[in-house]
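The data block below is model11.txt; it holds compact mmCIF, C-alpha atoms.
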```txt
# COMPACT_ATOMS: atom_id res chain seq x y z
CA PRO A 1 1.22 -48.31 -20.83
CA SER A 2 1.60 -45.43 -23.29
CA GLU A 3 -0.25 -42.97 -21.05
CA VAL A 4 2.44 -43.07 -18.33
CA GLY A 5 4.30 -39.78 -18.16
CA SER A 6 1.57 -37.61 -19.67
CA ASP A 7 -1.11 -35.55 -17.91
CA GLY A 8 -0.26 -36.79 -14.43
CA VAL A 9 -0.53 -40.52 -15.18
CA VAL A 10 1.91 -42.80 -13.29
CA VAL A 11 2.43 -46.56 -13.43
CA GLY A 12 0.55 -47.39 -10.25
CA GLY A 13 -0.06 -51.14 -10.20
CA CYS A 14 1.41 -51.65 -13.67
CA SER A 15 5.04 -51.40 -12.58
CA GLY A 16 6.08 -55.01 -13.20
CA SER A 17 5.62 -57.56 -15.95
CA VAL A 18 1.92 -58.14 -16.63
CA ASN A 19 0.76 -61.34 -18.29
CA SER A 20 -1.35 -61.25 -21.42
CA GLY A 21 -5.02 -61.25 -20.58
CA VAL A 22 -4.41 -59.60 -17.20
CA SER A 23 -5.35 -56.06 -16.27
CA CYS A 24 -3.48 -53.64 -14.03
CA THR A 25 -4.42 -50.23 -12.71
CA LEU A 26 -2.59 -47.03 -13.51
CA ALA A 27 -2.65 -44.18 -11.00
CA CYS A 28 -2.56 -40.41 -10.88
CA GLY A 29 0.45 -38.55 -9.53
CA ASN A 30 0.38 -36.13 -6.64
CA GLY A 31 -1.96 -33.24 -7.34
CA TYR A 32 -4.10 -35.19 -9.83
CA THR A 33 -7.40 -37.08 -9.48
CA PRO A 34 -8.68 -39.83 -11.83
CA SER A 35 -11.92 -39.16 -13.67
CA GLY A 36 -12.83 -42.86 -13.99
CA SER A 37 -11.38 -46.37 -14.02
CA MET A 38 -7.61 -46.44 -14.63
CA ALA A 39 -7.52 -50.18 -15.43
CA VAL A 40 -5.77 -51.29 -18.65
CA LEU A 41 -5.66 -54.78 -20.17
CA CYS A 42 -2.49 -56.44 -21.46
CA THR A 43 -3.11 -58.37 -24.69
CA ARG A 44 -0.20 -60.24 -26.29
CA GLY A 45 2.42 -57.73 -25.10
CA THR A 46 0.43 -54.53 -25.62
CA PHE A 47 -1.65 -52.60 -23.15
CA ALA A 48 -5.04 -51.32 -24.18
CA ALA A 49 -5.64 -47.58 -24.02
CA LEU A 50 -7.51 -46.05 -21.13
CA THR A 51 -11.24 -45.85 -21.62
CA ASP A 52 -12.19 -42.76 -23.67
CA GLY A 53 -12.59 -39.72 -21.46
CA VAL A 54 -10.73 -41.18 -18.50
CA SER A 55 -7.78 -39.07 -17.44
CA CYS A 56 -5.94 -37.55 -14.49
CA SER A 57 -7.31 -34.08 -13.82
CA PRO A 58 -5.27 -31.42 -11.98
CA ASN A 59 -6.63 -30.83 -8.51
CA SER A 60 -8.34 -27.53 -7.82
CA CYS A 61 -7.47 -25.36 -4.84
CA THR A 62 -10.43 -25.79 -2.50
CA SER A 63 -9.29 -23.68 0.44
CA ALA A 64 -7.95 -20.17 0.80
CA PRO A 65 -4.19 -19.58 0.46
CA SER A 66 -2.33 -20.41 3.66
CA GLU A 67 -1.47 -16.75 4.26
CA VAL A 68 -5.16 -16.06 4.96
CA SER A 69 -5.63 -17.25 8.51
CA SER A 70 -6.71 -16.10 11.95
CA SER A 71 -3.05 -15.87 12.97
CA ASN A 72 -2.27 -13.56 10.04
CA ALA A 73 -5.23 -11.21 10.05
CA ASN A 74 -3.51 -8.53 7.97
CA VAL A 75 -3.89 -10.61 4.77
CA VAL A 76 -7.39 -11.10 3.32
CA VAL A 77 -8.69 -13.04 0.32
CA GLY A 78 -8.95 -10.10 -2.09
CA ASP A 79 -10.23 -11.42 -5.42
CA CYS A 80 -9.28 -15.04 -4.73
CA PRO A 81 -12.39 -17.25 -4.96
CA SER A 82 -14.04 -18.44 -1.79
CA GLU A 83 -14.78 -21.74 -3.56
CA ALA A 84 -12.55 -23.93 -5.75
CA ALA A 85 -9.97 -22.34 -8.06
CA ASP A 86 -8.81 -24.28 -11.11
CA SER A 87 -5.20 -25.35 -11.27
CA GLY A 88 -3.17 -22.90 -13.34
CA THR A 89 -5.27 -19.86 -12.43
CA SER A 90 -4.04 -16.88 -10.45
CA CYS A 91 -5.75 -14.48 -8.07
CA THR A 92 -4.67 -11.55 -5.95
CA LEU A 93 -4.75 -11.41 -2.17
CA ALA A 94 -5.23 -8.08 -0.43
CA CYS A 95 -4.33 -6.33 2.79
CA ALA A 96 -6.85 -5.74 5.56
CA THR A 97 -8.01 -2.21 6.32
CA GLY A 98 -5.15 -0.32 7.96
CA TYR A 99 -2.43 -2.17 6.06
CA THR A 100 -0.60 -1.44 2.79
CA PRO A 101 0.81 -4.09 0.43
CA SER A 102 4.49 -4.29 -0.45
CA GLY A 103 5.42 -6.43 -3.45
CA SER A 104 3.18 -8.72 -5.48
CA MET A 105 0.08 -10.10 -3.78
CA ALA A 106 -0.66 -12.58 -6.61
CA VAL A 107 -0.77 -16.33 -5.97
CA THR A 108 -1.25 -19.19 -8.42
CA CYS A 109 -3.14 -22.44 -7.88
CA SER A 110 -1.05 -25.41 -8.99
CA LEU A 111 -2.26 -29.01 -8.54
CA GLY A 112 -4.37 -28.23 -5.49
CA SER A 113 -2.00 -25.87 -3.70
CA TYR A 114 -1.45 -22.13 -3.94
CA SER A 115 2.04 -20.75 -4.49
CA ALA A 116 3.65 -18.89 -1.61
CA LEU A 117 2.91 -15.18 -1.36
CA SER A 118 5.95 -13.04 -2.18
CA GLY A 119 4.40 -9.75 -1.07
CA SER A 120 3.47 -8.69 2.45
CA CYS A 121 1.18 -6.31 4.32
CA HIS A 122 2.51 -3.51 6.51
CA ALA A 123 0.62 -1.46 9.10
CA ASP A 124 -0.32 2.12 8.24
CA CYS A 125 0.43 4.99 10.63
CA THR A 126 -2.45 6.74 12.37
CA GLY A 127 -2.48 9.77 14.63
CA VAL A 128 -0.42 11.88 12.23
CA SER A 129 -2.24 15.03 13.36
CA ALA A 130 -0.95 14.49 16.91
CA ALA A 131 2.63 14.68 15.61
CA LEU A 132 2.22 18.23 14.29
CA PRO A 133 3.95 21.16 15.99
CA THR A 134 1.90 23.98 17.52
CA ASN A 135 0.34 25.96 14.65
CA GLY A 136 1.32 23.21 12.19
CA VAL A 137 -0.91 21.73 9.47
CA LEU A 138 -0.94 18.41 7.61
CA ASN A 139 -0.11 20.10 4.30
CA GLU A 140 0.54 17.19 1.86
CA CYS A 141 0.22 14.57 4.60
CA SER A 142 -3.00 12.82 5.56
CA ALA A 143 -4.23 11.84 9.01
CA THR A 144 -3.37 8.22 8.14
CA MET A 145 -0.15 7.42 6.26
CA ALA A 146 0.55 4.27 4.29
CA SER A 147 3.59 2.28 5.36
CA ALA A 148 6.83 3.06 3.48
CA THR A 149 5.72 6.59 2.60
CA SER A 150 6.93 10.05 3.59
CA CYS A 151 5.35 13.48 3.44
CA ASP A 152 5.99 17.08 4.51
CA THR A 153 3.87 18.92 7.04
CA ALA A 154 3.89 22.75 7.15
CA CYS A 155 3.03 25.79 9.24
CA ASP A 156 -0.46 27.29 9.25
CA SER A 157 -1.20 30.53 7.41
CA GLY A 158 0.40 33.45 9.25
CA TYR A 159 3.21 31.28 10.65
CA THR A 160 6.74 30.66 9.41
CA PRO A 161 8.80 27.46 9.88
CA ASP A 162 11.85 27.73 12.10
CA SER A 163 14.80 25.34 11.95
CA GLY A 164 14.05 21.63 12.00
CA SER A 165 12.57 19.11 9.59
CA PHE A 166 8.85 19.01 8.81
CA THR A 167 9.07 15.56 7.17
CA LEU A 168 7.33 12.46 8.58
CA SER A 169 7.88 8.85 7.49
CA CYS A 170 5.77 5.76 8.19
CA VAL A 171 7.43 2.36 8.59
CA ASP A 172 5.33 -0.64 9.65
CA GLY A 173 2.89 1.44 11.68
CA THR A 174 5.56 3.61 13.34
CA LEU A 175 5.96 7.33 12.63
CA THR A 176 9.52 8.54 12.26
CA PRO A 177 10.11 10.85 14.01
CA SER A 178 7.25 10.44 16.47
CA SER A 179 6.65 14.19 16.30
CA VAL A 180 7.68 16.89 13.83
CA ALA A 181 11.07 18.39 14.72
CA GLY A 182 10.37 21.79 13.20
CA THR A 183 8.54 24.62 14.97
CA CYS A 184 6.28 27.41 13.72
CA SER A 185 6.61 31.08 14.69
CA GLU A 186 4.33 33.99 13.93
CA SER A 187 5.28 35.43 10.56
CA PRO A 188 6.79 38.93 10.43
CA CYS A 189 5.24 41.66 8.30
CA THR A 190 7.47 41.96 5.25
CA SER A 191 5.26 44.05 2.95
CA ASN A 192 4.25 47.69 3.32
CA PRO A 193 1.15 48.52 5.33
CA SER A 194 -1.90 48.76 3.08
CA GLU A 195 -2.17 52.53 3.59
CA VAL A 196 1.12 53.13 1.78
CA GLY A 197 0.20 53.97 -1.79
CA SER A 198 -3.54 53.92 -1.14
CA VAL A 199 -3.90 56.88 1.22
CA SER A 200 -2.62 60.22 -0.07
CA GLY A 201 0.57 61.37 1.56
CA VAL A 202 1.25 58.22 3.61
CA VAL A 203 4.76 56.79 3.30
CA VAL A 204 6.47 53.86 5.01
CA GLY A 205 8.34 55.83 7.66
CA GLU A 206 9.98 53.35 10.02
CA CYS A 207 7.95 50.46 8.58
CA SER A 208 10.37 49.94 5.70
CA GLU A 209 11.98 46.81 7.17
CA ALA A 210 10.46 43.49 8.25
CA VAL A 211 8.48 43.94 11.46
CA ALA A 212 8.14 41.09 13.94
CA SER A 213 4.64 39.88 14.74
CA GLY A 214 3.27 41.61 17.83
CA THR A 215 5.33 44.77 17.38
CA SER A 216 4.41 48.18 15.98
CA CYS A 217 6.05 50.57 13.60
CA THR A 218 5.13 54.14 12.68
CA LEU A 219 4.12 55.33 9.25
CA ALA A 220 4.93 58.88 8.17
CA CYS A 221 3.55 61.67 6.05
CA ASP A 222 5.27 62.60 2.84
CA THR A 223 6.82 65.99 2.33
CA GLY A 224 4.09 68.57 2.20
CA TYR A 225 1.67 66.54 4.34
CA THR A 226 0.89 66.69 8.05
CA SER A 227 -0.59 63.87 10.11
CA THR A 228 -4.02 64.45 11.63
CA GLY A 229 -6.33 62.45 13.80
CA GLY A 230 -3.84 60.72 16.09
CA SER A 231 -1.04 58.17 16.01
CA MET A 232 0.47 56.83 12.78
CA ALA A 233 1.56 53.58 14.50
CA VAL A 234 0.41 50.24 13.03
CA LEU A 235 0.65 46.81 14.68
CA CYS A 236 1.97 43.72 12.89
```
Structure encoded using structure tokens:
Amino acid sequence: PSEVGSDGVVVGGCSGSVNSGVSCTLACGNGYTPSGSMAVLCTRGTFAALTDGVSCSPNSCTSAPSEVSSSNANVVVGDCPSEAADSGTSCTLACATGYTPSGSMAVTCSLGSYSALSGSCHADCTGVSAALPTNGVLNECSATMASATSCDTACDSGYTPDSGSFTLSCVDGTLTPSSVAGTCSESPCTSNPSEVGSVSGVVVGECSEAVASGTSCTLACDTGYTSTGGSMAVLC
């Protein structure tokens, strides 16, 4: 019959020689469903056409993609329909809360089955705050990091980073390193005390160099001035 080879139609019961005046039944290939009778009549060496409107229709996808299952709870349906999806249409799966996608999450329904998912879902990293050094802050990091990302933590205001890296990376739910290698120390005073230049006669004295936090230095009076009222020492 002329329909064989088009739109999913296969020979079915019409594979051999069929006598004139005898009918045989075509079939639909895998992934197709007939919409009516597939019988055709042989008349003097020629098969009749299928009844108008009868065809093999591509099967819809009636269940969720195989990646969405109780054994793979990190993948969820996303915008894929909960009911039937027409063959030839695509939808996008998603990652469950706490997971980040890597690669394409799109799948396509073809003849009743979804294509395999090429992307994947990877666990985010939590507890980033616990990895900070004493007197450290998240800076550009967040308390939860997406997998396959990196960020730099920092020292809090008034503290200066010592040697060691302040970078954290997240890979499949694991922080690398598990805690920040760098440390934070109290910042030294590197600018002049506020009285220098704002109080008449006050000059830097021995406070001209950087002064470590927790230590004192002594301001002085300029030529022609005498200190009054007590000590000129200031604490950093």
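Using only C-alpha atoms, the shortest contact distance between A:Cys184 and any of A:Val199, A:Ala154, A:Val54, A:Leu168 is found at A:Ala154.
Going from atom CA of A:Pro193 over to atom CA of A:Thr160, you cover 19.2 Å.
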>> I want to know what sits within 7 Å of stretch 34-41 of chain A, based on only C-alpha atoms, with residues of the same chain fewer than 5 positions away left out; could you give that as a PyMOL selection string?
In response: chain A and resi 21-28+47-50+54-57
> Which residues, written as an NGL selection string, have at least one atom at most 12 Å from A:Ala94, with only C-alpha atoms counted and residues fewer than 5 positions away on the same chain left out?
Replying inline: :A and (65 or 67-68 or 73-80 or 99-107 or 117 or 119-122)
> What gap, in Å, lies between atom CA of A:Thr62 and atom CA of A:Gly29?
Replying inline: 18.2 Å
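The smallest atom-to-atom distance between A:Cys125 and any of A:Val203, A:Cys236, A:Ala143, A:Val137, using all atoms listed in the file, is found for A:Ala143.
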> What is the atom CA of A:Tyr159-atom CA of A:Gly136 distance in Å, reported with one decimal?
Replying inline: 8.4 Å
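Distances from A:Val204, A:Val234, A:Ala212, A:Leu219 to A:Thr190 were compared using all atoms listed in the file, and the smallest one belongs to A:Ala212.
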> Which one is closest to A:Leu111: A:Thr134, A:Ala220, A:Thr153, A:Asp86? Count all atoms listed in the file.
Replying inline: A:Asp86
>> For a cutoff of 12 Å around the file-coordinate point (13.1, 47.2, 11.3), which residues qualify once you count only C-alpha atoms? I'd like the result as an MDAnalysis selection string.
In response: chainID A and resid 188:192 204:213 215:218 236
